[in-house]
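Quick look at data_18.pdb (PDB, C-alpha atoms):
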```pdb
MODEL        1
ATOM      1  CA  MET A   1       0.000   0.000   0.000
ATOM      2  CA  CYS A   2       1.196   3.526  -0.790
ATOM      3  CA  GLU A   3      -0.149   6.901   0.386
ATOM      4  CA  ILE A   4      -0.670   9.578  -2.275
ATOM      5  CA  GLU A   5      -1.620  13.235  -2.083
ATOM      6  CA  ASP A   6      -3.340  15.347  -4.723
ATOM      7  CA  ILE A   7      -2.052  18.916  -5.031
ATOM      8  CA  PHE A   8      -2.678  22.034  -7.090
ATOM      9  CA  ILE A   9       0.215  23.460  -9.094
ATOM     10  CA  CYS A  10       0.873  26.563 -11.175
ATOM     11  CA  GLY A  11       3.504  28.067 -13.413
ATOM     12  CA  GLU A  12       5.225  31.429 -13.203
ATOM     13  CA  LYS A  13       2.132  33.316 -14.433
ATOM     14  CA  TYR A  14       0.111  32.348 -11.330
ATOM     15  CA  LYS A  15       3.030  32.149  -8.879
ATOM     16  CA  GLU A  16       1.513  34.775  -6.532
ATOM     17  CA  MET A  17      -1.152  32.198  -5.602
ATOM     18  CA  SER A  18       1.511  29.919  -4.115
ATOM     19  CA  ASN A  19       2.119  32.372  -1.265
ATOM     20  CA  LYS A  20      -1.284  32.017   0.437
ATOM     21  CA  ASN A  21      -4.098  29.605   1.274
ATOM     22  CA  VAL A  22      -6.475  29.987  -1.644
ATOM     23  CA  PRO A  23     -10.219  29.289  -1.249
ATOM     24  CA  LEU A  24     -11.518  26.724  -3.746
ATOM     25  CA  GLU A  25     -13.944  29.297  -5.184
ATOM     26  CA  LYS A  26     -11.010  31.565  -6.042
ATOM     27  CA  LEU A  27      -9.041  28.668  -7.533
ATOM     28  CA  CYS A  28     -11.935  27.958  -9.901
ATOM     29  CA  GLU A  29     -11.692  31.467 -11.370
ATOM     30  CA  TYR A  30      -8.584  30.309 -13.243
ATOM     31  CA  PRO A  31      -8.311  27.769 -16.088
ATOM     32  CA  ALA A  32      -8.192  24.278 -14.566
ATOM     33  CA  ILE A  33      -6.031  21.428 -15.872
ATOM     34  CA  CYS A  34      -6.781  17.882 -14.728
ATOM     35  CA  LEU A  35      -7.054  14.273 -15.777
ATOM     36  CA  GLU A  36      -9.868  12.966 -17.962
ATOM     37  CA  GLU A  37     -13.168  12.153 -16.276
ATOM     38  CA  ASN A  38     -12.874   8.370 -16.455
ATOM     39  CA  THR A  39      -9.919   8.192 -14.037
ATOM     40  CA  SER A  40     -10.135   7.425 -10.325
ATOM     41  CA  THR A  41      -8.095  10.554  -9.549
ATOM     42  CA  ARG A  42     -10.531  12.794 -11.416
ATOM     43  CA  LYS A  43     -13.492  11.174  -9.681
ATOM     44  CA  TYR A  44     -11.793  11.778  -6.334
ATOM     45  CA  ILE A  45     -11.163  15.459  -7.172
ATOM     46  CA  ASN A  46     -14.725  15.939  -8.432
ATOM     47  CA  ARG A  47     -16.042  14.472  -5.178
ATOM     48  CA  PHE A  48     -13.776  16.817  -3.169
ATOM     49  CA  PHE A  49     -15.138  19.885  -4.964
ATOM     50  CA  ASN A  50     -18.739  18.648  -4.669
ATOM     51  CA  GLU A  51     -18.328  18.074  -0.918
ATOM     52  CA  ASN A  52     -17.181  21.688  -0.634
ATOM     53  CA  ASN A  53     -20.082  22.964  -2.779
ATOM     54  CA  VAL A  54     -17.765  24.344  -5.448
ATOM     55  CA  ARG A  55     -18.353  23.892  -9.165
ATOM     56  CA  TYR A  56     -15.184  22.584 -10.836
ATOM     57  CA  ILE A  57     -15.150  22.833 -14.626
ATOM     58  CA  PRO A  58     -11.715  22.077 -16.103
ATOM     59  CA  LYS A  59     -10.673  23.890 -19.250
ATOM     60  CA  TYR A  60      -8.187  21.120 -20.123
ATOM     61  CA  GLU A  61      -8.765  17.410 -19.510
ATOM     62  CA  LEU A  62      -5.612  15.455 -20.272
ATOM     63  CA  ALA A  63      -4.705  11.778 -20.488
ATOM     64  CA  THR A  64      -1.626  11.792 -18.221
ATOM     65  CA  SER A  65      -0.307  13.583 -15.158
ATOM     66  CA  ASP A  66       2.950  14.344 -16.999
ATOM     67  CA  LEU A  67       0.945  16.375 -19.520
ATOM     68  CA  ILE A  68      -0.725  18.283 -16.687
ATOM     69  CA  VAL A  69       2.698  19.252 -15.329
ATOM     70  CA  ASP A  70       3.819  20.310 -18.830
ATOM     71  CA  PHE A  71       0.669  22.416 -19.426
ATOM     72  CA  THR A  72       1.145  24.014 -16.012
ATOM     73  CA  LYS A  73       4.785  24.883 -16.749
ATOM     74  CA  ARG A  74       3.581  26.636 -19.898
ATOM     75  CA  ASN A  75       1.081  28.705 -17.875
ATOM     76  CA  PHE A  76      -2.097  27.266 -19.384
ATOM     77  CA  GLY A  77      -3.718  27.260 -15.928
ATOM     78  CA  ILE A  78      -3.849  25.602 -12.512
ATOM     79  CA  GLY A  79      -3.037  21.888 -12.553
ATOM     80  CA  CYS A  80      -4.214  19.168 -10.210
ATOM     81  CA  VAL A  81      -1.949  16.121  -9.882
ATOM     82  CA  VAL A  82      -0.700  13.522  -7.450
ATOM     83  CA  ASN A  83       2.301  15.169  -5.778
ATOM     84  CA  LYS A  84       4.812  12.537  -6.956
ATOM     85  CA  PHE A  85       4.296  13.559 -10.593
ATOM     86  CA  ALA A  86       5.204  17.165  -9.814
ATOM     87  CA  GLU A  87       8.041  16.464  -7.373
ATOM     88  CA  ASN A  88      11.006  17.191  -9.669
ATOM     89  CA  SER A  89       9.441  20.259 -11.279
ATOM     90  CA  LEU A  90       8.574  21.667  -7.846
ATOM     91  CA  LYS A  91      12.103  21.023  -6.599
ATOM     92  CA  ASN A  92      13.556  22.753  -9.698
ATOM     93  CA  LYS A  93      11.138  25.698  -9.241
ATOM     94  CA  GLU A  94       9.665  25.177 -12.702
ATOM     95  CA  ILE A  95       6.218  25.097 -11.056
ATOM     96  CA  TYR A  96       4.799  26.023  -7.655
ATOM     97  CA  GLN A  97       2.354  24.374  -5.288
ATOM     98  CA  ILE A  98      -0.853  26.194  -4.422
ATOM     99  CA  LYS A  99      -2.175  25.504  -0.939
ATOM    100  CA  THR A 100      -5.936  25.614  -0.612
ATOM    101  CA  ARG A 101      -7.961  26.600   2.421
ATOM    102  CA  GLU A 102      -9.931  23.367   2.082
ATOM    103  CA  LYS A 103      -7.555  20.411   2.281
ATOM    104  CA  ILE A 104      -7.723  17.369   0.010
ATOM    105  CA  LYS A 105      -7.421  14.222   2.111
ATOM    106  CA  LYS A 106      -4.545  11.905   1.311
ATOM    107  CA  ARG A 107      -5.494   8.507  -0.036
ATOM    108  CA  ASN A 108      -3.980   5.070  -0.391
ATOM    109  CA  ILE A 109      -3.412   2.926  -3.418
ATOM    110  CA  CYS A 110      -2.775  -0.765  -3.394
ATOM    111  CA  ILE A 111      -2.102  -3.443  -5.958
ATOM    112  CA  ILE A 112      -3.632  -6.883  -5.902
ATOM    113  CA  LYS A 113      -1.907  -9.519  -7.980
ATOM    114  CA  LYS A 114      -3.519 -12.813  -8.886
ATOM    115  CA  ASP A 115      -0.722 -14.725 -10.564
ATOM    116  CA  LYS A 116       2.705 -15.573  -9.290
ATOM    117  CA  LEU A 117       4.150 -14.820 -12.731
ATOM    118  CA  ILE A 118       4.125 -11.103 -13.486
ATOM    119  CA  SER A 119       5.781  -8.980 -16.133
ATOM    120  CA  LYS A 120       9.050  -7.173 -15.526
ATOM    121  CA  ALA A 121       7.215  -3.820 -15.624
ATOM    122  CA  SER A 122       4.726  -5.012 -12.999
ATOM    123  CA  ARG A 123       7.530  -6.337 -10.828
ATOM    124  CA  THR A 124       9.345  -2.975 -11.076
ATOM    125  CA  LEU A 125       6.173  -1.134 -10.089
ATOM    126  CA  LEU A 126       5.657  -3.404  -7.078
ATOM    127  CA  GLU A 127       9.260  -2.876  -5.984
ATOM    128  CA  PHE A 128       8.826   0.891  -6.334
ATOM    129  CA  ILE A 129       5.686   0.883  -4.184
ATOM    130  CA  ASN A 130       7.218  -1.433  -1.582
ATOM    131  CA  ASN A 131      10.276   0.825  -1.272
ATOM    132  CA  LYS A 132       8.115   3.916  -0.670
TER     133      LYS A 132
ENDMDL
END
```
Rewrite the structure of this file - the entire thing - as structure tokens.
Amino acid sequence: MCEIEDIFICGEKYKEMSNKNVPLEKLCEYPAICLEENTSTRKYINRFFNENNVRYIPKYELATSDLIVDFTKRNFGIGCVVNKFAENSLKNKEIYQIKTREKIKKRNICIIKKDKLISKASRTLLEFINNK
């Protein structure tokens, strides 16, 4: 099992938002960048906004978290990703984290394997999760 945390990120254009706790309503005034609707992460984020009575309408719905980070770096809007995908870009100050007044709860992921024989890629993923 591995704990993950969803965060909001921005590029240089919206950097001033990274210096304060932003209400969700204010965050939604900017173009939103997130994963496509059919993903578990997007469903989790939608539920978070609904629970806080805030309407979240993304301008960009992308297939991967890496694309969200790239769009954010290029100042297309405010991205929402699992923190691990943004880690290097945050460390290199290519993007900035936006703290919100309402906090997104961390969540856990787990992998269930049925067969004893798994692919090399699956084995690598399991090792990565176990080492975290």
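Reported to one decimal place, the separation of CA of Ala86 in chain A from CA of Thr39 in chain A is 18.1 Å.
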Could you jot down the CA of Glu102 in chain A to CA of Arg74 in chain A separation for me, Å, one decimal place? 26.0 Å
What do you get, as a PyMOL selection string, if you spell out every residue that the PyMOL selection byres ((chain A and resi 87) around 12) selects here? chain A and resi 5-7+9+65-66+69+81-86+88-97
Give me the residues near Lys20 in chain A as a ChimeraX atom specification, where near means some atom within 9 Å (using all atoms listed in the file) and where sequence neighbours in that chain fewer than 4 positions away do not count. /A:16,98-101
Using the chain letters and numbers from this file, what does the PyMOL selection byres ((chain A and resi 79) around 9) select? Give the answer as an NGL selection string. :A and (7-10 or 31-34 or 68-69 or 71-72 or 76-78 or 80-81)
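Rounded to one decimal, CA of Thr124 in chain A and CA of Thr64 in chain A lie 19.7 Å from each other.
Compared by their closest atoms to Lys73 in chain A, and using all atoms listed in the file, the residues A:Glu36, A:Glu12, A:Glu127, A:Glu25 rank with A:Glu12 nearest.
Omitting Asn108 in chain A and its sequence neighbours fewer than 2 positions away, and counting all atoms listed in the file, the residues within 6 Å are Cys2, Glu3 and Ile4 of chain A.
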Expected file content for range 34-68 of chain A, N, CA and C atoms, as a PDB file, in the first residue's frame:
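Written out: part20.pdb:
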```
ATOM      1  N   CYS A  34      -6.695  19.114 -15.518  1.00  0.00           N
ATOM      2  CA  CYS A  34      -6.781  17.882 -14.728  1.00  0.00           C
ATOM      3  C   CYS A  34      -6.854  16.665 -15.644  1.00  0.00           C
ATOM      4  N   LEU A  35      -6.928  15.518 -15.020  1.00  0.00           N
ATOM      5  CA  LEU A  35      -7.054  14.273 -15.777  1.00  0.00           C
ATOM      6  C   LEU A  35      -8.450  14.134 -16.360  1.00  0.00           C
ATOM      7  N   GLU A  36      -8.573  13.252 -17.341  1.00  0.00           N
ATOM      8  CA  GLU A  36      -9.868  12.966 -17.962  1.00  0.00           C
ATOM      9  C   GLU A  36     -10.845  12.400 -16.941  1.00  0.00           C
ATOM     10  N   GLU A  37     -12.121  12.533 -17.222  1.00  0.00           N
ATOM     11  CA  GLU A  37     -13.168  12.153 -16.276  1.00  0.00           C
ATOM     12  C   GLU A  37     -13.208  10.687 -15.889  1.00  0.00           C
ATOM     13  N   ASN A  38     -12.740   9.806 -16.735  1.00  0.00           N
ATOM     14  CA  ASN A  38     -12.874   8.370 -16.455  1.00  0.00           C
ATOM     15  C   ASN A  38     -11.809   7.820 -15.503  1.00  0.00           C
ATOM     16  N   THR A  39     -10.975   8.671 -14.929  1.00  0.00           N
ATOM     17  CA  THR A  39      -9.919   8.192 -14.037  1.00  0.00           C
ATOM     18  C   THR A  39     -10.369   8.263 -12.572  1.00  0.00           C
ATOM     19  N   SER A  40      -9.791   7.413 -11.744  1.00  0.00           N
ATOM     20  CA  SER A  40     -10.135   7.425 -10.325  1.00  0.00           C
ATOM     21  C   SER A  40      -9.688   8.730  -9.663  1.00  0.00           C
ATOM     22  N   THR A  41      -8.567   9.285 -10.105  1.00  0.00           N
ATOM     23  CA  THR A  41      -8.095  10.554  -9.549  1.00  0.00           C
ATOM     24  C   THR A  41      -9.083  11.673  -9.842  1.00  0.00           C
ATOM     25  N   ARG A  42      -9.564  11.741 -11.060  1.00  0.00           N
ATOM     26  CA  ARG A  42     -10.531  12.794 -11.416  1.00  0.00           C
ATOM     27  C   ARG A  42     -11.821  12.633 -10.626  1.00  0.00           C
ATOM     28  N   LYS A  43     -12.281  11.412 -10.466  1.00  0.00           N
ATOM     29  CA  LYS A  43     -13.492  11.174  -9.681  1.00  0.00           C
ATOM     30  C   LYS A  43     -13.291  11.626  -8.240  1.00  0.00           C
ATOM     31  N   TYR A  44     -12.116  11.376  -7.703  1.00  0.00           N
ATOM     32  CA  TYR A  44     -11.793  11.778  -6.334  1.00  0.00           C
ATOM     33  C   TYR A  44     -11.800  13.307  -6.207  1.00  0.00           C
ATOM     34  N   ILE A  45     -11.207  13.988  -7.177  1.00  0.00           N
ATOM     35  CA  ILE A  45     -11.163  15.459  -7.172  1.00  0.00           C
ATOM     36  C   ILE A  45     -12.565  16.034  -7.348  1.00  0.00           C
ATOM     37  N   ASN A  46     -13.345  15.476  -8.249  1.00  0.00           N
ATOM     38  CA  ASN A  46     -14.725  15.939  -8.432  1.00  0.00           C
ATOM     39  C   ASN A  46     -15.516  15.814  -7.130  1.00  0.00           C
ATOM     40  N   ARG A  47     -15.346  14.692  -6.452  1.00  0.00           N
ATOM     41  CA  ARG A  47     -16.042  14.472  -5.178  1.00  0.00           C
ATOM     42  C   ARG A  47     -15.598  15.515  -4.142  1.00  0.00           C
ATOM     43  N   PHE A  48     -14.313  15.812  -4.093  1.00  0.00           N
ATOM     44  CA  PHE A  48     -13.776  16.817  -3.169  1.00  0.00           C
ATOM     45  C   PHE A  48     -14.441  18.178  -3.403  1.00  0.00           C
ATOM     46  N   PHE A  49     -14.511  18.604  -4.655  1.00  0.00           N
ATOM     47  CA  PHE A  49     -15.138  19.885  -4.964  1.00  0.00           C
ATOM     48  C   PHE A  49     -16.637  19.854  -4.639  1.00  0.00           C
ATOM     49  N   ASN A  50     -17.309  18.766  -4.976  1.00  0.00           N
ATOM     50  CA  ASN A  50     -18.739  18.648  -4.669  1.00  0.00           C
ATOM     51  C   ASN A  50     -19.004  18.724  -3.173  1.00  0.00           C
ATOM     52  N   GLU A  51     -18.173  18.049  -2.373  1.00  0.00           N
ATOM     53  CA  GLU A  51     -18.328  18.074  -0.918  1.00  0.00           C
ATOM     54  C   GLU A  51     -18.146  19.477  -0.349  1.00  0.00           C
ATOM     55  N   ASN A  52     -17.405  20.315  -1.072  1.00  0.00           N
ATOM     56  CA  ASN A  52     -17.181  21.688  -0.634  1.00  0.00           C
ATOM     57  C   ASN A  52     -18.094  22.683  -1.357  1.00  0.00           C
ATOM     58  N   ASN A  53     -19.088  22.142  -2.072  1.00  0.00           N
ATOM     59  CA  ASN A  53     -20.082  22.964  -2.779  1.00  0.00           C
ATOM     60  C   ASN A  53     -19.459  23.966  -3.744  1.00  0.00           C
ATOM     61  N   VAL A  54     -18.447  23.505  -4.470  1.00  0.00           N
ATOM     62  CA  VAL A  54     -17.765  24.344  -5.448  1.00  0.00           C
ATOM     63  C   VAL A  54     -17.869  23.658  -6.806  1.00  0.00           C
ATOM     64  N   ARG A  55     -18.227  24.435  -7.798  1.00  0.00           N
ATOM     65  CA  ARG A  55     -18.353  23.892  -9.165  1.00  0.00           C
ATOM     66  C   ARG A  55     -16.979  23.915  -9.835  1.00  0.00           C
ATOM     67  N   TYR A  56     -16.516  22.747 -10.230  1.00  0.00           N
ATOM     68  CA  TYR A  56     -15.184  22.584 -10.836  1.00  0.00           C
ATOM     69  C   TYR A  56     -15.367  22.185 -12.289  1.00  0.00           C
ATOM     70  N   ILE A  57     -15.019  23.101 -13.193  1.00  0.00           N
ATOM     71  CA  ILE A  57     -15.150  22.833 -14.626  1.00  0.00           C
ATOM     72  C   ILE A  57     -13.792  23.044 -15.285  1.00  0.00           C
ATOM     73  N   PRO A  58     -13.047  21.957 -15.498  1.00  0.00           N
ATOM     74  CA  PRO A  58     -11.715  22.077 -16.103  1.00  0.00           C
ATOM     75  C   PRO A  58     -11.768  22.593 -17.543  1.00  0.00           C
ATOM     76  N   LYS A  59     -10.817  23.414 -17.871  1.00  0.00           N
ATOM     77  CA  LYS A  59     -10.673  23.890 -19.250  1.00  0.00           C
ATOM     78  C   LYS A  59      -9.936  22.842 -20.079  1.00  0.00           C
ATOM     79  N   TYR A  60      -8.979  22.147 -19.443  1.00  0.00           N
ATOM     80  CA  TYR A  60      -8.187  21.120 -20.123  1.00  0.00           C
ATOM     81  C   TYR A  60      -8.320  19.809 -19.367  1.00  0.00           C
ATOM     82  N   GLU A  61      -8.698  18.755 -20.074  1.00  0.00           N
ATOM     83  CA  GLU A  61      -8.765  17.410 -19.510  1.00  0.00           C
ATOM     84  C   GLU A  61      -7.767  16.556 -20.282  1.00  0.00           C
ATOM     85  N   LEU A  62      -6.722  16.122 -19.602  1.00  0.00           N
ATOM     86  CA  LEU A  62      -5.612  15.455 -20.272  1.00  0.00           C
ATOM     87  C   LEU A  62      -5.520  13.984 -19.875  1.00  0.00           C
ATOM     88  N   ALA A  63      -4.794  13.227 -20.683  1.00  0.00           N
ATOM     89  CA  ALA A  63      -4.705  11.778 -20.488  1.00  0.00           C
ATOM     90  C   ALA A  63      -3.697  11.364 -19.423  1.00  0.00           C
ATOM     91  N   THR A  64      -2.662  12.188 -19.186  1.00  0.00           N
ATOM     92  CA  THR A  64      -1.626  11.792 -18.221  1.00  0.00           C
ATOM     93  C   THR A  64      -1.261  12.944 -17.292  1.00  0.00           C
ATOM     94  N   SER A  65      -0.762  12.582 -16.133  1.00  0.00           N
ATOM     95  CA  SER A  65      -0.307  13.583 -15.158  1.00  0.00           C
ATOM     96  C   SER A  65       0.915  14.337 -15.663  1.00  0.00           C
ATOM     97  N   ASP A  66       1.777  13.674 -16.434  1.00  0.00           N
ATOM     98  CA  ASP A  66       2.950  14.344 -16.999  1.00  0.00           C
ATOM     99  C   ASP A  66       2.527  15.508 -17.899  1.00  0.00           C
ATOM    100  N   LEU A  67       1.454  15.301 -18.664  1.00  0.00           N
ATOM    101  CA  LEU A  67       0.945  16.375 -19.520  1.00  0.00           C
ATOM    102  C   LEU A  67       0.405  17.537 -18.683  1.00  0.00           C
ATOM    103  N   ILE A  68      -0.218  17.224 -17.571  1.00  0.00           N
ATOM    104  CA  ILE A  68      -0.725  18.283 -16.687  1.00  0.00           C
ATOM    105  C   ILE A  68       0.432  19.144 -16.196  1.00  0.00           C
TER     106      ILE A  68
END
```
